[in-house]
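Q: Hey, dropping data_13.cif in here, mmCIF, C-alpha atoms and all ligand atoms:
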data_input
#
loop_
_atom_site.label_atom_id
_atom_site.label_comp_id
_atom_site.auth_asym_id
_atom_site.auth_seq_id
_atom_site.Cartn_x
_atom_site.Cartn_y
_atom_site.Cartn_z
CA MET A 1 26.12 104.54 12.56
CA SER A 2 27.36 102.29 15.36
CA GLU A 3 29.57 99.36 14.42
CA SER A 4 27.47 97.11 16.63
CA MET A 5 24.28 97.75 14.69
CA LYS A 6 23.12 94.69 12.84
CA PRO A 7 19.87 93.24 11.51
CA GLN A 8 17.75 92.19 14.47
CA LEU A 9 16.34 88.77 15.29
CA ARG A 10 13.10 87.99 17.08
CA SER A 11 14.09 87.58 20.73
CA GLU A 12 12.81 84.00 20.98
CA ILE A 13 14.94 83.02 17.98
CA SER A 14 18.17 84.43 19.38
CA ALA A 15 17.45 82.61 22.65
CA LEU A 16 16.86 79.32 20.81
CA PRO A 17 19.42 76.60 21.50
CA THR A 18 21.09 75.21 18.41
CA TYR A 19 19.85 71.70 17.59
CA LYS A 20 22.43 69.23 18.82
CA ALA A 21 22.71 66.71 16.05
CA GLY A 22 24.47 63.49 16.94
CA LYS A 23 28.20 63.98 16.63
CA LYS A 24 30.47 61.94 14.48
CA VAL A 25 33.49 60.85 16.50
CA ALA A 26 37.00 60.41 15.23
CA PRO A 27 38.86 57.10 15.44
CA VAL A 28 40.87 56.90 18.66
CA ASN A 29 44.13 54.97 19.02
CA GLY A 30 43.35 52.82 16.02
CA LEU A 31 39.80 52.10 17.24
CA ASP A 32 37.16 52.44 14.51
CA ALA A 33 34.65 55.18 15.28
CA TYR A 34 30.94 54.45 15.66
CA LYS A 35 27.97 56.80 15.79
CA LEU A 36 25.25 55.67 18.19
CA SER A 37 23.92 59.17 18.78
CA SER A 38 21.19 59.81 16.22
CA ASN A 39 19.03 56.67 16.19
CA GLU A 40 19.94 56.04 12.60
CA ASN A 41 19.66 52.63 11.00
CA ALA A 42 23.25 51.32 10.83
CA HIS A 43 22.44 48.90 8.00
CA ALA A 44 23.34 49.92 4.45
CA PRO A 45 20.43 50.73 2.13
CA LEU A 46 18.90 47.80 0.22
CA PRO A 47 20.32 47.46 -3.32
CA SER A 48 16.79 47.72 -4.71
CA VAL A 49 16.19 51.03 -2.92
CA LEU A 50 19.57 52.34 -4.03
CA SER A 51 18.73 51.53 -7.61
CA ALA A 52 15.41 53.43 -7.35
CA ILE A 53 17.42 56.38 -6.02
CA VAL A 54 19.86 56.20 -8.94
CA ASP A 55 16.98 56.11 -11.43
CA ALA A 56 15.32 59.12 -9.78
CA ALA A 57 18.60 61.03 -9.87
CA ALA A 58 18.33 61.19 -13.66
CA GLU A 59 15.42 63.63 -13.26
CA ILE A 60 16.85 66.14 -10.84
CA ASN A 61 16.80 68.90 -13.43
CA ARG A 62 13.01 68.92 -12.83
CA TYR A 63 11.11 69.96 -9.71
CA PRO A 64 9.69 66.97 -7.87
CA ASP A 65 6.00 66.10 -7.76
CA PRO A 66 4.76 68.62 -5.15
CA PHE A 67 1.99 66.25 -4.07
CA ALA A 68 4.26 63.20 -3.75
CA SER A 69 1.38 61.46 -5.54
CA THR A 70 2.90 58.01 -5.94
CA LEU A 71 4.11 57.90 -2.36
CA THR A 72 0.80 59.25 -1.05
CA ALA A 73 -1.12 56.64 -3.03
CA ALA A 74 1.12 53.88 -1.68
CA LEU A 75 0.55 55.09 1.89
CA ALA A 76 -3.20 55.38 1.32
CA ASP A 77 -3.17 51.79 0.17
CA LYS A 78 -0.99 50.54 3.01
CA PHE A 79 -3.08 52.12 5.76
CA ASP A 80 -6.45 52.06 4.01
CA VAL A 81 -7.05 55.80 4.31
CA PRO A 82 -8.10 58.34 1.68
CA ILE A 83 -5.22 60.31 0.11
CA GLU A 84 -6.85 63.51 1.37
CA GLN A 85 -5.88 62.53 4.92
CA ILE A 86 -2.17 62.24 4.09
CA ALA A 87 0.50 64.95 3.95
CA THR A 88 4.21 64.41 3.42
CA GLY A 89 7.14 66.54 4.47
CA THR A 90 10.89 66.82 4.83
CA GLY A 91 11.21 64.18 7.51
CA SER A 92 8.59 63.94 10.19
CA VAL A 93 10.35 66.85 11.88
CA GLY A 94 9.41 68.89 8.82
CA VAL A 95 5.83 67.65 9.08
CA CYS A 96 5.79 68.41 12.79
CA GLN A 97 6.81 71.98 12.04
CA GLN A 98 4.15 72.24 9.32
CA ILE A 99 1.54 71.09 11.83
CA VAL A 100 2.49 73.60 14.51
CA GLN A 101 2.61 76.42 12.00
CA ALA A 102 -0.80 75.40 10.75
CA VAL A 103 -2.54 75.26 14.13
CA ALA A 104 -0.75 77.56 16.59
CA ASP A 105 -0.99 81.33 16.64
CA ALA A 106 1.52 83.39 18.61
CA GLY A 107 0.86 82.70 22.29
CA ASP A 108 -1.06 79.47 21.69
CA GLU A 109 0.10 76.44 23.62
CA VAL A 110 1.87 73.35 22.32
CA MET A 111 1.93 70.55 24.89
CA TYR A 112 4.15 67.50 25.12
CA ALA A 113 5.82 65.32 27.70
CA TRP A 114 9.29 66.19 28.89
CA ARG A 115 11.78 64.82 28.45
CA SER A 116 10.77 63.93 24.93
CA PHE A 117 11.78 64.72 21.37
CA GLU A 118 14.05 67.76 21.34
CA ALA A 119 12.58 69.15 18.16
CA TYR A 120 9.22 69.95 19.83
CA PRO A 121 10.40 72.97 21.86
CA ILE A 122 12.38 74.32 18.92
CA ILE A 123 9.44 74.02 16.55
CA ALA A 124 6.95 75.54 19.00
CA THR A 125 9.29 78.43 19.75
CA ILE A 126 9.89 79.19 16.07
CA ALA A 127 6.13 79.35 15.60
CA GLY A 128 5.87 81.85 18.45
CA ALA A 129 3.86 79.37 20.50
CA VAL A 130 4.15 78.67 24.22
CA ASN A 131 5.81 75.40 25.26
CA VAL A 132 3.89 73.41 27.85
CA GLN A 133 6.10 70.58 29.05
CA ILE A 134 4.62 67.92 31.30
CA PRO A 135 7.26 65.90 33.18
CA LEU A 136 7.43 62.16 32.55
CA THR A 137 6.61 59.95 35.53
CA ALA A 138 9.48 58.59 37.63
CA SER A 139 9.51 55.48 35.45
CA GLY A 140 9.83 57.55 32.27
CA GLN A 141 6.23 57.26 31.09
CA HIS A 142 3.89 59.96 29.74
CA ASP A 143 1.81 61.42 32.57
CA LEU A 144 -1.47 61.69 30.66
CA PRO A 145 -3.59 62.66 33.69
CA ALA A 146 -1.23 65.60 34.32
CA MET A 147 -1.46 66.55 30.64
CA LEU A 148 -5.26 66.64 30.89
CA VAL A 149 -5.06 68.97 33.87
CA ALA A 150 -2.70 71.28 31.97
CA ILE A 151 -5.07 71.83 29.04
CA THR A 152 -6.24 75.44 28.71
CA PRO A 153 -8.37 77.33 26.16
CA ARG A 154 -5.08 78.14 24.37
CA THR A 155 -3.94 74.53 23.93
CA ARG A 156 -3.86 73.85 20.19
CA VAL A 157 -1.86 70.66 19.80
CA ILE A 158 -0.61 67.87 22.06
CA PHE A 159 2.26 65.66 20.91
CA ILE A 160 2.37 62.12 22.27
CA CYS A 161 5.69 60.50 21.43
CA THR A 162 5.38 56.72 21.62
CA PRO A 163 7.80 54.97 21.86
CA ASN A 164 9.21 58.05 23.57
CA ASN A 165 12.51 59.54 22.47
CA PRO A 166 14.83 59.36 24.46
CA THR A 167 13.40 57.07 27.17
CA GLY A 168 12.00 54.34 24.91
CA GLY A 169 8.74 53.63 26.75
CA ILE A 170 5.28 53.42 25.21
CA VAL A 171 1.82 54.79 25.90
CA THR A 172 -0.73 51.98 26.18
CA GLN A 173 -4.04 51.81 24.30
CA PRO A 174 -6.21 51.97 27.45
CA GLU A 175 -4.22 55.04 28.60
CA ILE A 176 -4.69 56.91 25.34
CA ASP A 177 -8.34 55.89 25.09
CA SER A 178 -9.23 57.38 28.45
CA PHE A 179 -7.10 60.44 27.67
CA LEU A 180 -8.78 61.06 24.33
CA ALA A 181 -12.20 60.64 25.89
CA LYS A 182 -11.48 63.75 27.95
CA VAL A 183 -9.49 65.95 25.54
CA PRO A 184 -11.71 68.62 23.95
CA LYS A 185 -12.34 67.77 20.29
CA ASP A 186 -10.97 71.11 19.08
CA ILE A 187 -7.47 70.20 20.24
CA LEU A 188 -5.31 68.25 17.82
CA VAL A 189 -3.56 65.23 19.34
CA VAL A 190 -0.58 64.05 17.29
CA ILE A 191 0.83 60.61 17.98
CA ASP A 192 4.48 60.68 16.96
CA GLU A 193 5.29 57.12 15.97
CA ALA A 194 8.83 57.60 14.65
CA TYR A 195 9.86 54.29 16.26
CA VAL A 196 6.64 52.31 15.99
CA GLU A 197 8.21 49.59 13.80
CA PHE A 198 10.49 48.68 16.72
CA ASN A 199 7.66 48.22 19.21
CA ARG A 200 6.85 44.69 20.36
CA ASP A 201 4.69 45.55 23.37
CA ALA A 202 1.18 44.28 22.61
CA LEU A 203 -0.32 46.83 24.99
CA ALA A 204 1.09 49.77 23.02
CA ILE A 205 -1.18 52.18 21.27
CA ASP A 206 -2.29 51.40 17.71
CA GLY A 207 -1.85 54.88 16.27
CA MET A 208 -3.64 54.32 12.98
CA ALA A 209 -6.69 52.68 14.58
CA THR A 210 -6.81 55.43 17.19
CA MET A 211 -6.58 58.10 14.50
CA LYS A 212 -9.44 56.46 12.58
CA ALA A 213 -11.60 56.34 15.70
CA HIS A 214 -11.29 60.08 16.45
CA THR A 215 -11.84 63.34 14.62
CA ASN A 216 -8.98 65.18 16.34
CA VAL A 217 -6.14 62.65 16.18
CA GLY A 218 -3.27 62.43 13.70
CA VAL A 219 -0.26 60.18 13.36
CA LEU A 220 3.30 61.14 12.43
CA ARG A 221 5.56 58.58 10.76
CA THR A 222 9.01 58.70 9.23
CA PHE A 223 11.22 56.84 6.78
CA SER A 224 14.31 57.89 8.74
CA LYS A 225 14.52 55.14 11.33
CA ALA A 226 13.21 51.65 10.50
CA TYR A 227 13.35 52.31 6.75
CA GLY A 228 16.89 53.66 6.92
CA LEU A 229 16.36 56.84 4.86
CA ALA A 230 17.45 59.47 7.40
CA GLY A 231 19.63 61.20 4.84
CA LEU A 232 16.79 61.75 2.39
CA ARG A 233 14.29 63.60 4.64
CA VAL A 234 10.87 62.11 4.16
CA GLY A 235 8.06 61.65 6.65
CA TYR A 236 4.28 61.95 6.72
CA PHE A 237 1.17 62.83 8.65
CA ILE A 238 -2.10 60.95 8.50
CA GLY A 239 -5.05 62.54 10.23
CA PRO A 240 -8.14 64.72 9.80
CA GLU A 241 -8.54 65.89 6.20
CA HIS A 242 -8.54 69.61 6.97
CA ILE A 243 -5.37 69.25 9.04
CA ALA A 244 -3.62 67.29 6.30
CA GLU A 245 -4.63 70.02 3.86
CA ALA A 246 -3.24 72.71 6.16
CA VAL A 247 -0.03 70.73 6.57
CA ARG A 248 0.37 70.72 2.80
CA LYS A 249 -0.17 74.50 2.75
CA THR A 250 2.58 75.17 5.30
CA ALA A 251 5.15 72.96 3.55
CA VAL A 252 8.30 74.31 1.94
CA PRO A 253 7.41 74.09 -1.78
CA PHE A 254 8.91 70.97 -3.40
CA GLY A 255 10.57 70.09 -0.09
CA VAL A 256 10.44 66.33 -0.51
CA SER A 257 12.81 65.59 -3.38
CA GLY A 258 12.04 63.22 -6.21
CA ILE A 259 14.87 61.02 -4.96
CA ALA A 260 13.33 60.86 -1.48
CA GLN A 261 9.90 60.08 -2.92
CA ALA A 262 11.29 57.30 -5.10
CA ALA A 263 13.28 55.83 -2.22
CA ALA A 264 10.25 55.88 0.08
CA VAL A 265 8.03 54.20 -2.52
CA SER A 266 10.68 51.57 -3.17
CA SER A 267 11.08 51.03 0.59
CA LEU A 268 7.36 50.35 0.94
CA GLN A 269 7.64 47.85 -1.91
CA HIS A 270 10.54 46.12 -0.14
CA GLU A 271 9.13 46.39 3.34
CA ALA A 272 9.38 42.68 4.09
CA GLU A 273 13.10 42.75 3.47
CA LEU A 274 13.51 45.94 5.53
CA PHE A 275 11.48 44.54 8.39
CA GLU A 276 13.83 41.53 8.58
CA ILE A 277 16.54 44.07 9.38
CA VAL A 278 14.24 45.65 11.96
CA GLU A 279 13.81 42.21 13.59
CA LYS A 280 17.58 41.90 13.83
CA MET A 281 17.80 45.35 15.40
CA ILE A 282 15.15 44.40 17.96
CA ALA A 283 17.09 41.23 18.80
CA GLU A 284 20.20 43.38 19.26
CA ARG A 285 18.29 45.79 21.49
CA ASN A 286 17.03 42.93 23.64
CA TRP A 287 20.52 41.48 23.90
CA PHE A 288 22.02 44.89 24.75
CA GLU A 289 19.38 45.57 27.43
CA ALA A 290 19.87 42.12 28.91
CA GLU A 291 23.64 42.65 29.09
CA LEU A 292 23.20 46.01 30.81
CA ARG A 293 20.76 44.48 33.31
CA LYS A 294 23.19 41.62 33.95
CA ILE A 295 25.84 44.08 35.06
CA GLY A 296 23.34 45.76 37.38
CA PHE A 297 21.45 48.51 35.55
CA ASP A 298 17.79 49.04 36.26
CA LEU A 299 16.57 50.02 32.79
CA PRO A 300 13.21 51.16 31.50
CA ALA A 301 12.18 48.73 28.73
CA SER A 302 12.81 50.26 25.31
CA GLN A 303 10.48 49.67 22.38
CA ALA A 304 12.63 51.75 20.04
CA ASN A 305 16.00 51.44 18.30
CA PHE A 306 17.83 52.95 21.26
CA VAL A 307 18.28 52.36 24.96
CA TRP A 308 18.13 54.96 27.72
CA LEU A 309 20.78 54.67 30.39
CA PRO A 310 19.84 56.77 33.44
CA LEU A 311 23.27 57.90 34.66
CA GLY A 312 22.22 61.05 36.51
CA ASP A 313 25.17 63.21 37.48
CA ARG A 314 27.65 60.79 35.91
CA THR A 315 26.27 61.45 32.44
CA ASP A 316 29.01 63.85 31.33
CA GLU A 317 31.73 61.56 32.59
CA PHE A 318 30.23 58.61 30.70
CA THR A 319 29.96 60.72 27.55
CA SER A 320 33.60 61.73 27.58
CA ARG A 321 34.69 58.17 28.36
CA SER A 322 32.64 56.89 25.42
CA ALA A 323 34.36 59.45 23.17
CA ASP A 324 37.67 57.97 24.37
CA ILE A 325 36.57 54.60 23.01
CA ALA A 326 35.43 56.25 19.74
CA VAL A 327 31.70 55.77 20.26
CA SER A 328 29.40 58.77 20.13
CA ILE A 329 26.22 58.56 22.18
CA ARG A 330 23.61 61.19 22.94
CA PRO A 331 24.00 62.76 26.40
CA PHE A 332 21.37 64.64 28.37
CA SER A 333 23.50 66.24 31.00
CA GLY A 334 22.49 65.36 34.56
CA GLU A 335 19.92 62.82 33.35
CA GLY A 336 21.33 60.06 31.23
CA VAL A 337 22.46 58.96 27.80
CA ARG A 338 20.61 57.59 24.82
CA ILE A 339 22.45 54.87 22.94
CA SER A 340 21.26 53.90 19.47
CA ILE A 341 21.25 50.23 18.55
CA GLY A 342 24.04 50.12 16.00
CA GLU A 343 27.06 47.97 15.32
CA ARG A 344 27.72 45.08 17.74
CA ALA A 345 31.38 46.11 18.22
CA ALA A 346 30.29 49.55 19.42
CA LEU A 347 27.62 48.15 21.74
CA GLU A 348 30.19 45.79 23.26
CA ARG A 349 32.50 48.71 23.99
CA ILE A 350 29.63 50.54 25.67
CA ILE A 351 28.76 47.52 27.85
CA GLU A 352 32.35 47.29 28.98
CA LEU A 353 32.38 50.98 29.83
CA ALA A 354 28.96 50.86 31.51
CA ALA A 355 30.21 48.18 33.91
CA GLU A 356 32.31 50.90 35.55
CA PHE A 357 29.23 53.05 36.06
CA VAL A 358 26.93 50.70 37.92
CA SER A 359 25.96 52.43 41.12
C1 LIG A 401 13.77 60.80 14.57
C2 LIG A 401 12.46 61.31 15.04
C3 LIG A 401 11.54 61.87 14.17
C4 LIG A 401 11.72 61.96 12.71
O1 LIG A 401 12.78 62.49 12.20
P1 LIG A 401 12.83 62.79 10.65
O2 LIG A 401 14.16 62.31 10.26
O3 LIG A 401 12.65 64.25 10.54
O4 LIG A 401 11.72 62.06 9.99
C5 LIG A 401 10.31 62.27 14.64
N1 LIG A 401 9.99 62.14 15.91
C6 LIG A 401 10.84 61.60 16.79
C7 LIG A 401 10.41 61.43 18.17
C8 LIG A 401 12.10 61.19 16.38
O5 LIG A 401 12.95 60.68 17.28
#
If you took the structure in this file and wrote it as structure tokens, what would it be?

A:
Amino acid sequence: MSESMKPQLRSEISALPTYKAGKKVAPVNGLDAYKLSSNENAHAPLPSVLSAIVDAAAEINRYPDPFASTLTAALADKFDVPIEQIATGTGSVGVCQQIVQAVADAGDEVMYAWRSFEAYPIIATIAGAVNVQIPLTASGQHDLPAMLVAITPRTRVIFICTPNNPTGGIVTQPEIDSFLAKVPKDILVVIDEAYVEFNRDALAIDGMATMKAHTNVGVLRTFSKAYGLAGLRVGYFIGPEHIAEAVRKTAVPFGVSGIAQAAAVSSLQHEAELFEIVEKMIAERNWFEAELRKIGFDLPASQANFVWLPLGDRTDEFTSRSADIAVSIRPFSGEGVRISIGERAALERIIELAAEFVS
């Protein structure tokens, strides 16, 4: 037998790019290192949430509640929806994957704007689905009319990421209303609201209200960003009952740990305190954007916990220079960088660096 023989992969899997998680940088020349590359919440967990986590840790010899019943009930209460319409998962990326696996057969189409969340193409490809990427407009917005035109009989699900990762812009309510009026009712439209808590644009879509007004709309939410639980992997879907049921069927059994469930429930109980931190992060974002505009950048307004800096062909140079000052940011080669709103000291370093990149 030939030495080179080895177990074979599906061709689309071997072609799949490896997910580029935000890198941790090393301290440089005595400078503390900061990670502004993964849109994490830089604030430490609340003591109350930590204590719920510690309590839950005492039960890790048992499998967790597979239905995340307490969390689901708390979400049902918060959003005034029946529990049957809710499904949880290992982060909203996990839920996103559960959705695609539930609705797309091999060769079916999964549509989303591009550039948008990098997990969408990976998830669609793993499912054997066809990626249909509709370019953002020049100002970084979803091009909903172009998405409508691209719908085919094989379109199964359309992801609308608002605020959009990595550009930070929102889809407005009038835009989504006229879009949904024309999307066939047998296509699932998923509004990915991973950053919704950071939105302060009154024109932005109200995902929950929109979901309630339609039979083919669902909303994706996460505890990873505003709630600061990225390390625990918990997110959820709220949408049509039969879709939520299918999302539960495609889940990894017992995927959401008891610790994650307890932390999420405790976070909902301490939401007021957490949202004070969110307000501070929004104030930091506004300050950071204003500083970048002052030095001459023309920025799209961000409604998320990150800012998009369109650097074009100077993106790689900026990325290596930011590594030199011990700050990791998320580059999209040839397009720009996404900078998470984190520690003030790191943002100040970035502003200083950015001043050299004003065209
Ligand atoms: C971060 C993010 C998510 C959620 O990530 P999880 O940690 O898996 O919950 C979902 N959608 C977008 C657009 C994101 O940026």

Q: When you count all atoms listed in the file, which of these residues is closest to Tyr227 in chain A: A:Glu284, A:Asp192, A:Glu343, A:Glu40?

A: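 For Tyr227 in chain A, the nearest of the candidates is A:Glu40.
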
Q: Let me make sure I understand: among A:Asp324, A:Glu356, A:Asp65, A:Glu348, which one has the smallest atom-to-atom distance to Val28 in chain A if we use all atoms listed in the file?

A: A:Asp324

Q: Could I get the residue neighbourhood of ligand LIG 401 (chain A) at 10 Å, counting all atoms listed in the file, as a ChimeraX atom specification?

A: /A:38-40,89-97,116-120,159-166,168,191-195,220-225,228-236,304-306

Q: Restricting the calculation to all atoms listed in the file: of A:Pro27, A:Pro331, A:Pro153, A:Gly128, which residue gets closest to Ala106 in chain A?

A: A:Gly128

Q: Can you find the residues with an atom no farther than 9 Å from (15.4, 58.1, -4.2), counting only C-alpha atoms, and report them as a VMD selection string?

A: chain A and resid 49 to 57 232 257 to 266

Q: Which of these, A:Glu352, A:Glu109, A:Glu317, A:Glu289, has the shortest distance to Ser340 in chain A once you count only C-alpha atoms?

A: A:Glu289

Q: Pick out the closest residue to Ala226 in chain A from this set: A:Ala44, A:Ile126, A:Leu311, A:Val189. Count all atoms listed in the file.

A: A:Ala44

Q: Quick one: what's the axis-aligned box for range 314-317 of chain A, all listed atoms, 5 Å on every side, centre and edges in Å to one decimal, as AutoDock Vina command-line options?

A:
--center_x 29.0 --center_y 62.3 --center_z 33.6 --size_x 15.5 --size_y 13.1 --size_z 14.6

Q: Quick one: residues within 9 Å of range 135-152 of chain A, all atoms listed in the file, excluding same-chain residues fewer than 5 positions away - as a PyMOL selection string?

A: chain A and resi 109+111-116+158+160-162+164+167-171+175-176+179+182-184+300

Q: What gap, in Å, lies between CA of Thr72 in chain A and CA of Ile86 in chain A?

A: 6.6 Å

Q: Applying 6 Å and only C-alpha atoms, which residues near Ser328 in chain A remain after dropping the ones on its own chain fewer than 5 positions away? List them as a compact mmCIF listing (two decimals) with C-alpha atoms, in the frame of the given file.

A:
# COMPACT_ATOMS: atom_id res chain seq x y z
CA VAL A 25 33.49 60.85 16.50
CA LYS A 35 27.97 56.80 15.79
CA LEU A 36 25.25 55.67 18.19
CA SER A 37 23.92 59.17 18.78
CA ALA A 323 34.36 59.45 23.17

Q: Using all atoms listed in the file, collect all residues at a distance of at most 12 Å from (30.7, 48.0, 28.5) as written in the file, then present them as an mmCIF file with C-alpha atoms, in the coordinates of the input.

A:
data_model
loop_
_atom_site.group_PDB
_atom_site.id
_atom_site.type_symbol
_atom_site.label_atom_id
_atom_site.label_comp_id
_atom_site.auth_asym_id
_atom_site.auth_seq_id
_atom_site.Cartn_x
_atom_site.Cartn_y
_atom_site.Cartn_z
ATOM 1 C CA PHE A 288 22.020 44.890 24.750
ATOM 2 C CA GLU A 289 19.380 45.570 27.430
ATOM 3 C CA GLU A 291 23.640 42.650 29.090
ATOM 4 C CA LEU A 292 23.200 46.010 30.810
ATOM 5 C CA ARG A 293 20.760 44.480 33.310
ATOM 6 C CA LYS A 294 23.190 41.620 33.950
ATOM 7 C CA ILE A 295 25.840 44.080 35.060
ATOM 8 C CA GLY A 296 23.340 45.760 37.380
ATOM 9 C CA PHE A 297 21.450 48.510 35.550
ATOM 10 C CA PHE A 318 30.230 58.610 30.700
ATOM 11 C CA ARG A 321 34.690 58.170 28.360
ATOM 12 C CA SER A 322 32.640 56.890 25.420
ATOM 13 C CA ILE A 325 36.570 54.600 23.010
ATOM 14 C CA VAL A 327 31.700 55.770 20.260
ATOM 15 C CA ARG A 344 27.720 45.080 17.740
ATOM 16 C CA ALA A 345 31.380 46.110 18.220
ATOM 17 C CA ALA A 346 30.290 49.550 19.420
ATOM 18 C CA LEU A 347 27.620 48.150 21.740
ATOM 19 C CA GLU A 348 30.190 45.790 23.260
ATOM 20 C CA ARG A 349 32.500 48.710 23.990
ATOM 21 C CA ILE A 350 29.630 50.540 25.670
ATOM 22 C CA ILE A 351 28.760 47.520 27.850
ATOM 23 C CA GLU A 352 32.350 47.290 28.980
ATOM 24 C CA LEU A 353 32.380 50.980 29.830
ATOM 25 C CA ALA A 354 28.960 50.860 31.510
ATOM 26 C CA ALA A 355 30.210 48.180 33.910
ATOM 27 C CA GLU A 356 32.310 50.900 35.550
ATOM 28 C CA PHE A 357 29.230 53.050 36.060
ATOM 29 C CA VAL A 358 26.930 50.700 37.920
#

Q: Between CA of Ser11 in chain A and CA of Ala127 in chain A, what distance in Å does the model show, to one decimal?

A: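 Here the two named atoms are 12.5 Å from each other.
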